[in-house]
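Peer 1: Please read through the structure below; I'll follow up with questions.
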Amino acid sequence: MPATYIVNGTIHASIAQDAVAAGNGLNAVVIQAIGGDLRVNVGADASGTAGETVFENTSSTFTMINGQRISVWSTTDAMTYSVRTAV
């Protein structure tokens, strides 16, 4: 069974940042939004209009990412999120 890793992050309001770097070797991740809604985009910057919304205190699984970077964005300053990976 593959090892599972959980990485926690904090995001600044209205600034896209990478939650998972490109070339990561992952095929799937689970992202949880903690304390606010989070926009998540695979392969490009997330923004208020780009990406999928992960609602506050829920999680979403992103599959078939094939090593692409994953960007996150939120309007909530100092919001936290977690990324669960398996390798």
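Following the order of the structure tokens, chains are lettered A, B, ..., residues in each are numbered from 1, and ligands are numbered from 1.
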Which of stretch 2-81 of chain A counts as strand (DSSP E or B) under DSSP, as a ChimeraX atom specification please?
Peer 2: /A:4-11,17-20,28-34,38-42,52-54,59-63,70-73,79-81
Peer 1: Produce a file of the selected residues containing C-alpha atoms, as a tab-separated table (two decimals), in the first residue's frame.
Peer 2:
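Writing the result to part21.tsv gives the following:
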```
chain	number	residue	atom	x	y	z
A	4	THR	CA	0.04	8.81	2.41
A	5	TYR	CA	1.30	12.33	3.05
A	6	ILE	CA	-0.67	15.35	4.24
A	7	VAL	CA	0.69	18.81	3.50
A	8	ASN	CA	-0.94	21.84	5.12
A	9	GLY	CA	-0.83	25.32	3.61
A	10	THR	CA	-2.03	28.85	4.24
A	11	ILE	CA	-3.13	31.15	1.45
A	17	GLN	CA	-0.26	29.98	-5.20
A	18	ASP	CA	0.85	26.47	-6.00
A	19	ALA	CA	-0.33	23.81	-3.56
A	20	VAL	CA	1.41	21.06	-5.55
A	28	ALA	CA	-4.40	12.07	-7.67
A	29	VAL	CA	-4.68	14.29	-4.59
A	30	VAL	CA	-7.40	15.15	-2.07
A	31	ILE	CA	-7.66	18.85	-1.17
A	32	GLN	CA	-9.60	20.06	1.86
A	33	ALA	CA	-10.67	23.69	2.36
A	34	ILE	CA	-10.50	24.82	5.99
A	38	LEU	CA	-11.06	27.50	-2.06
A	39	ARG	CA	-10.68	27.62	-5.85
A	40	VAL	CA	-8.46	24.86	-7.23
A	41	ASN	CA	-7.09	24.68	-10.77
A	42	VAL	CA	-4.95	21.93	-12.28
A	52	GLU	CA	-13.20	24.29	-9.30
A	53	THR	CA	-14.61	25.43	-5.96
A	54	VAL	CA	-13.92	23.31	-2.90
A	59	SER	CA	-12.74	18.09	0.37
A	60	SER	CA	-12.48	17.16	-3.28
A	61	THR	CA	-10.43	14.53	-5.07
A	62	PHE	CA	-8.51	15.56	-8.17
A	63	THR	CA	-7.52	12.66	-10.42
A	70	ILE	CA	-2.15	22.52	-8.72
A	71	SER	CA	-2.92	26.15	-7.94
A	72	VAL	CA	-5.20	27.42	-5.15
A	73	TRP	CA	-6.92	30.79	-4.63
A	79	MET	CA	-7.22	30.52	5.04
A	80	THR	CA	-5.76	27.07	5.47
A	81	TYR	CA	-6.05	23.97	3.34
```
Peer 1: By how many Å are atom CA of A:Thr75 and atom CA of A:Gly35 apart?
Peer 2: 11.0 Å
Peer 1: Go through A:Gly51, A:Asp77, A:Ala22, A:Ser14 one by one, measure the shortest atom-to-atom distance of each to A:Gly36 using only C-alpha atoms, and give the residue with the smallest value.
Peer 2: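 Selected residue with least distance to A:Gly36: A:Asp77.
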Peer 1: Figure out the distance between atom CA of A:Ala78 and atom CA of A:Ala13, please, to one decimal in Å.
Peer 2: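 Going from atom CA of A:Ala13 over to atom CA of A:Ala78, I get 7.0 Å.
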Peer 1: Smallest atom-to-atom distance to A:Asp37: which of A:Phe55, A:Ile15, A:Thr49, A:Met64, using only C-alpha atoms?
Peer 2: A:Phe55
